[in-house]
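Novice: This is the content of input_12.csv (CSV, C-alpha atoms and all ligand atoms):
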```
chain,number,residue,atom,x,y,z
A,338,MET,CA,14.7,-5.1,1.3
A,339,ALA,CA,13.7,-6.0,4.8
A,340,LEU,CA,10.3,-4.8,6.1
A,341,SER,CA,10.4,-1.8,8.4
A,342,LYS,CA,10.0,-2.5,12.2
A,343,ILE,CA,6.4,-1.2,12.2
A,344,ALA,CA,5.5,-3.3,9.1
A,345,GLN,CA,7.0,-6.4,10.8
A,346,GLU,CA,4.9,-5.7,13.9
A,347,PHE,CA,1.6,-5.1,12.0
A,348,ALA,CA,2.3,-8.3,10.0
A,349,ALA,CA,3.0,-10.3,13.2
A,350,GLU,CA,-0.4,-9.2,14.7
A,351,ILE,CA,-2.4,-9.9,11.4
A,352,ARG,CA,-0.7,-13.3,11.1
A,353,ASN,CA,-1.3,-14.1,14.8
A,354,HIS,CA,-5.0,-13.3,14.8
A,355,ASP,CA,-7.6,-16.0,14.2
A,356,TRP,CA,-10.0,-14.2,11.8
A,357,SER,CA,-12.4,-17.1,11.4
A,358,ASP,CA,-15.1,-15.8,13.9
A,359,ALA,CA,-14.5,-12.1,13.3
A,360,PRO,CA,-18.1,-11.3,12.3
A,361,TRP,CA,-19.6,-12.7,15.5
A,362,ARG,CA,-17.3,-11.7,18.3
A,363,LEU,CA,-15.5,-8.7,19.6
A,364,ASP,CA,-12.2,-10.5,19.8
A,365,ARG,CA,-9.2,-9.1,21.6
A,366,ALA,CA,-6.1,-8.8,19.6
A,367,GLY,CA,-4.4,-12.1,19.2
A,368,HIS,CA,-7.6,-14.0,19.7
A,369,SER,CA,-7.5,-17.8,18.8
A,370,ARG,CA,-10.4,-20.2,18.7
A,371,ALA,CA,-8.0,-22.9,19.8
A,372,SER,CA,-7.8,-21.3,23.3
A,373,ASP,CA,-11.5,-20.5,23.6
A,374,SER,CA,-13.4,-22.1,26.4
A,375,ASN,CA,-16.5,-24.0,25.2
A,376,SER,CA,-18.9,-21.3,26.4
A,377,LYS,CA,-17.1,-18.7,24.3
A,378,LEU,CA,-16.6,-20.8,21.2
A,379,THR,CA,-19.0,-19.4,18.6
A,380,GLU,CA,-21.2,-21.9,16.8
A,381,ARG,CA,-20.4,-20.4,13.5
A,382,ALA,CA,-17.0,-19.9,11.9
A,383,LEU,CA,-15.9,-18.7,8.6
A,384,THR,CA,-14.7,-21.2,6.1
A,385,ASP,CA,-10.9,-21.1,5.4
A,386,ASP,CA,-11.6,-19.2,2.2
A,387,GLU,CA,-13.8,-16.6,4.0
A,388,ALA,CA,-11.3,-16.1,6.8
A,389,ARG,CA,-8.5,-15.7,4.2
A,390,ARG,CA,-10.5,-12.9,2.6
A,391,VAL,CA,-11.0,-11.1,5.9
A,392,LYS,CA,-7.3,-11.4,6.7
A,393,THR,CA,-6.3,-10.2,3.2
A,394,ASN,CA,-8.5,-7.1,3.6
A,395,ALA,CA,-6.8,-6.4,7.0
A,396,MET,CA,-3.4,-6.8,5.3
A,397,TRP,CA,-4.5,-4.4,2.5
A,398,VAL,CA,-5.8,-1.5,4.7
A,399,THR,CA,-2.6,-1.7,6.8
A,400,ALA,CA,-0.4,-1.9,3.7
A,401,GLN,CA,-2.0,1.2,2.3
A,402,VAL,CA,-0.8,3.2,5.3
A,403,LEU,CA,2.6,1.6,5.4
A,404,GLY,CA,3.1,2.1,1.6
A,405,TYR,CA,2.0,5.7,1.9
A,406,ASN,CA,4.6,6.3,4.6
A,407,ASP,CA,7.5,4.3,3.3
A,408,PRO,CA,8.8,4.5,-0.3
A,409,ASN,CA,10.6,1.2,0.1
A,410,PHE,CA,7.5,-0.7,1.2
A,411,ASP,CA,7.1,-4.1,-0.5
A,412,VAL,CA,3.5,-5.3,-0.3
A,413,TYR,CA,4.5,-8.9,-1.3
A,414,GLU,CA,7.0,-9.2,1.5
A,415,PHE,CA,4.4,-7.7,3.9
A,416,ALA,CA,1.6,-10.0,2.7
A,417,GLU,CA,3.8,-13.1,3.1
A,418,ALA,CA,4.8,-11.9,6.6
A,419,CYS,CA,1.0,-11.6,7.4
A,420,GLY,CA,0.5,-15.2,6.3
A,421,VAL,CA,-1.3,-14.2,3.1
A,422,ASN,CA,-0.4,-16.4,0.0
A,423,THR,CA,1.0,-14.1,-2.7
A,424,ARG,CA,1.3,-16.9,-5.4
A,425,ASN,CA,-1.2,-17.6,-8.1
A,426,SER,CA,-2.2,-21.2,-9.0
A,427,ARG,CA,0.8,-21.5,-11.4
A,428,GLY,CA,3.2,-20.5,-8.6
A,429,GLY,CA,3.9,-17.0,-10.0
A,430,LYS,CA,3.4,-13.7,-8.3
A,431,ASN,CA,-0.3,-12.9,-7.8
A,432,GLY,CA,-0.8,-9.5,-9.3
A,433,GLY,CA,-4.0,-9.1,-7.3
A,434,ILE,CA,-2.0,-8.5,-4.2
A,435,ASP,CA,-0.5,-5.3,-5.6
A,436,ALA,CA,-3.8,-4.3,-7.3
A,437,GLY,CA,-5.5,-4.2,-3.8
A,438,LEU,CA,-3.6,-1.0,-3.1
A,439,ARG,CA,-4.7,2.5,-4.1
A,440,LYS,CA,-1.8,3.8,-6.0
A,441,ASP,CA,-0.8,5.0,-9.4
A,442,ALA,CA,1.4,3.3,-12.1
A,443,TYR,CA,4.4,5.1,-10.7
A,444,GLY,CA,4.1,3.7,-7.2
A,445,ARG,CA,2.6,6.8,-5.6
A,446,PHE,CA,0.1,5.9,-2.8
A,447,MET,CA,-3.2,7.7,-2.3
A,448,ARG,CA,-3.5,9.4,1.1
A,449,PRO,CA,-5.0,7.0,3.7
A,450,GLY,CA,-8.7,7.5,4.0
A,451,THR,CA,-9.0,9.3,0.6
A,452,TRP,CA,-8.9,8.6,-3.1
A,453,LYS,CA,-6.5,11.5,-3.6
A,454,PHE,CA,-2.8,11.9,-4.2
A,455,ASP,CA,-1.1,14.5,-2.1
A,456,ASP,CA,-0.4,17.8,-3.9
A,457,GLU,CA,3.3,17.6,-4.6
A,458,PHE,CA,5.7,18.2,-7.5
A,459,VAL,CA,7.0,15.1,-9.2
A,460,THR,CA,9.9,14.2,-11.5
A,461,THR,CA,12.5,11.6,-12.0
A,462,ALA,CA,16.3,11.6,-11.8
A,463,THR,CA,16.6,11.6,-15.6
A,464,SER,CA,14.0,14.3,-16.3
A,465,ASP,CA,14.6,18.0,-17.0
A,466,PHE,CA,11.3,19.2,-15.7
A,467,TYR,CA,9.1,18.8,-12.7
A,468,HIS,CA,5.3,18.5,-12.9
A,469,ALA,CA,2.1,19.1,-10.9
A,470,GLY,CA,1.4,15.4,-10.9
A,471,THR,CA,1.7,12.1,-12.7
A,472,ASP,CA,-1.4,12.9,-14.8
A,473,CYS,CA,0.5,15.6,-16.8
A,474,ASP,CA,0.7,14.4,-20.5
A,475,TRP,CA,4.2,15.7,-20.8
A,476,PHE,CA,5.3,13.8,-17.7
A,477,ARG,CA,3.7,10.6,-19.1
A,478,ARG,CA,5.3,11.0,-22.5
A,479,GLY,CA,8.7,11.7,-21.1
A,480,TYR,CA,8.7,9.0,-18.4
A,481,ARG,CA,11.6,6.6,-18.9
A,482,GLY,CA,11.0,4.4,-15.9
A,483,GLY,CA,12.7,4.8,-12.6
A,484,GLU,CA,11.7,6.0,-9.2
A,485,LEU,CA,9.4,9.0,-8.8
A,486,LEU,CA,10.9,11.9,-7.0
A,487,ARG,CA,8.5,14.1,-5.0
A,488,PHE,CA,8.7,17.6,-3.6
A,489,PRO,CA,6.2,19.5,-1.4
A,490,THR,CA,4.4,22.2,-3.4
A,491,ASP,CA,5.2,24.8,-0.7
A,492,GLY,CA,8.9,24.1,-0.8
A,493,GLU,CA,11.8,24.5,-3.2
A,494,VAL,CA,12.5,22.1,-6.0
A,495,PRO,CA,16.3,21.7,-6.6
A,496,THR,CA,17.4,23.8,-9.5
A,497,GLN,CA,18.4,20.9,-11.7
A,498,TRP,CA,14.7,20.7,-12.7
A,499,GLU,CA,12.7,23.3,-14.4
A,500,ARG,CA,8.9,23.9,-14.2
A,501,CYS,CA,6.9,22.1,-16.8
A,502,GLY,CA,5.3,24.7,-19.0
A,503,HIS,CA,2.3,22.4,-19.7
A,504,CYS,CA,1.0,21.6,-16.2
A,505,LEU,CA,2.6,24.5,-14.3
A,506,PRO,CA,2.1,27.7,-16.2
A,507,SER,CA,4.6,30.4,-15.3
A,508,GLU,CA,4.1,32.1,-11.9
A,509,SER,CA,4.2,35.7,-13.1
B,1,ZN,ZN,3.9,18.7,-16.6
```
What is this structure when it is put down as structure tokens?
Ligand SMILES: [Zn+2]

Specialist:
Amino acid sequence: MALSKIAQEFAAEIRNHDWSDAPWRLDRAGHSRASDSNSKLTERALTDDEARRVKTNAMWVTAQVLGYNDPNFDVYEFAEACGVNTRNSRGGKNGGIDAGLRKDAYGRFMRPGTWKFDDEFVTTATSDFYHAGTDCDWFRRGYRGGELLRFPTDGEVPTQWERCGHCLPSES
């Protein structure tokens, strides 16, 4: 799955920016110490490790918005495009990259700027019922894997799914 155009562009900017003097200068986008004149060059610079952390945080906050807006978003692909290493010391996938995002076990992202999931009905293709959210016990017990399907709470849910009697008491 290729990154969306907007994700590629965010990644290109994050990769391109020299984060090593970020605490001491208001740097224009695309700043690089390599092209600083001597008078502008700050005395202090972050270590490689410190600059890597700043860049990784920039990647995460951007990824939160991208993931919230795009169900196909892949944070590993995005992080690599930003120039963030996604491998652990044994060469495997570093789970910490994914853990930096605010989302639930079903891949649903919290709304940017909040610690809340949007109000929406959720289900999966193989379910018979739709639920008020992924924290419904009956949803959790019945979950068989697969992609979460989401519907606005002020709209119609297709008739192939019935309301869950546990989390969505009857409307009458
Ligand atoms: Zn339910």

Novice: For ligand ZN 1 (chain B), collect every residue having any atom at a distance of at most 10 Å from a ligand atom (counting only C-alpha atoms and all ligand atoms); output as a PDB file with C-alpha atoms, keeping the file's coordinate frame.

Specialist:
```pdb
ATOM      1  CA  PHE A 458       5.700  18.200  -7.500  1.00  0.00           C
ATOM      2  CA  VAL A 459       7.000  15.100  -9.200  1.00  0.00           C
ATOM      3  CA  THR A 460       9.900  14.200 -11.500  1.00  0.00           C
ATOM      4  CA  PHE A 466      11.300  19.200 -15.700  1.00  0.00           C
ATOM      5  CA  TYR A 467       9.100  18.800 -12.700  1.00  0.00           C
ATOM      6  CA  HIS A 468       5.300  18.500 -12.900  1.00  0.00           C
ATOM      7  CA  ALA A 469       2.100  19.100 -10.900  1.00  0.00           C
ATOM      8  CA  GLY A 470       1.400  15.400 -10.900  1.00  0.00           C
ATOM      9  CA  THR A 471       1.700  12.100 -12.700  1.00  0.00           C
ATOM     10  CA  ASP A 472      -1.400  12.900 -14.800  1.00  0.00           C
ATOM     11  CA  CYS A 473       0.500  15.600 -16.800  1.00  0.00           C
ATOM     12  CA  ASP A 474       0.700  14.400 -20.500  1.00  0.00           C
ATOM     13  CA  TRP A 475       4.200  15.700 -20.800  1.00  0.00           C
ATOM     14  CA  PHE A 476       5.300  13.800 -17.700  1.00  0.00           C
ATOM     15  CA  ARG A 477       3.700  10.600 -19.100  1.00  0.00           C
ATOM     16  CA  ARG A 478       5.300  11.000 -22.500  1.00  0.00           C
ATOM     17  CA  GLY A 479       8.700  11.700 -21.100  1.00  0.00           C
ATOM     18  CA  ARG A 500       8.900  23.900 -14.200  1.00  0.00           C
ATOM     19  CA  CYS A 501       6.900  22.100 -16.800  1.00  0.00           C
ATOM     20  CA  GLY A 502       5.300  24.700 -19.000  1.00  0.00           C
ATOM     21  CA  HIS A 503       2.300  22.400 -19.700  1.00  0.00           C
ATOM     22  CA  CYS A 504       1.000  21.600 -16.200  1.00  0.00           C
ATOM     23  CA  LEU A 505       2.600  24.500 -14.300  1.00  0.00           C
ATOM     24  CA  PRO A 506       2.100  27.700 -16.200  1.00  0.00           C
TER      25      PRO A 506
END
```

Novice: Taking (-5.2, -10.2, 5.3) in the file's coordinates as the center, which residues reach within 12 Å of it, counting all atoms listed in the file, put as a PyMOL selection string?

Specialist: chain A and resi 347-357+386-400+412-413+415-423+434+437

Novice: Using all atoms listed in the file, determine which residues lie at most 9 Å from Arg370 of chain A, disregarding the query and same-chain residues fewer than 3 positions distant; provide the list as an NGL selection string.

Specialist: :A and (355 or 357-358 or 373-374 or 377-379)

Novice: Atom CA of Ser464 of chain A to atom CA of Arg445 of chain A: how many Å, to one decimal?

Specialist: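 Answer for the atom CA of Ser464 of chain A to atom CA of Arg445 of chain A separation: 17.3 Å.
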
Novice: Mind pulling up the distance from atom CA of Leu340 of chain A to atom CA of Gly432 of chain A?

Specialist: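 According to the coordinates, atom CA of Gly432 of chain A and atom CA of Leu340 of chain A are separated by 19.6 Å.
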
Novice: Which one of A:Gln401, A:Asn409, A:Asn431, A:Gln345 sits closest to Leu485 of chain A if you count only C-alpha atoms?

Specialist: A:Asn409

Novice: Counting only C-alpha atoms, which of A:Glu380, A:Asp465, A:Glu484, A:Glu414 gets nearest to Gln497 of chain A?

Specialist: A:Asp465

Novice: Record the distance separating atom CA of Trp498 of chain A and atom CA of Thr461 of chain A, expressed in Å with one decimal.

Specialist: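 Here the two named atoms are 9.4 Å from each other.
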
Novice: Pick from A:Asp491, A:Glu499, A:Glu457, A:Asp407: nearest to Ser341 of chain A, with all atoms listed in the file counted?

Specialist: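 The answer is A:Asp407, which sits nearest to Ser341 of chain A.
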
Novice: Measuring between all atoms listed in the file, which one of A:Lys430, A:Glu346, A:Asp456, A:Met447 shows the shortest distance to Gly492 of chain A?

Specialist: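 Going through A:Lys430, A:Glu346, A:Asp456, A:Met447 one by one, the smallest distance to Gly492 of chain A is for A:Asp456.
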
Novice: Restricting the calculation to all atoms listed in the file, which member of A:Pro449, A:Pro489, A:Gly444, A:Pro495 is positioned closest to Ala462 of chain A?

Specialist: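 Comparing A:Pro449, A:Pro489, A:Gly444, A:Pro495 against Ala462 of chain A, the winner is A:Pro495.
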
Novice: Pick the closest to Asp411 of chain A from A:Ala366, A:Ala339, A:Ala359, A:Arg427: which is it, counting all atoms listed in the file?

Specialist: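 For Asp411 of chain A, the nearest of the candidates is A:Ala339.
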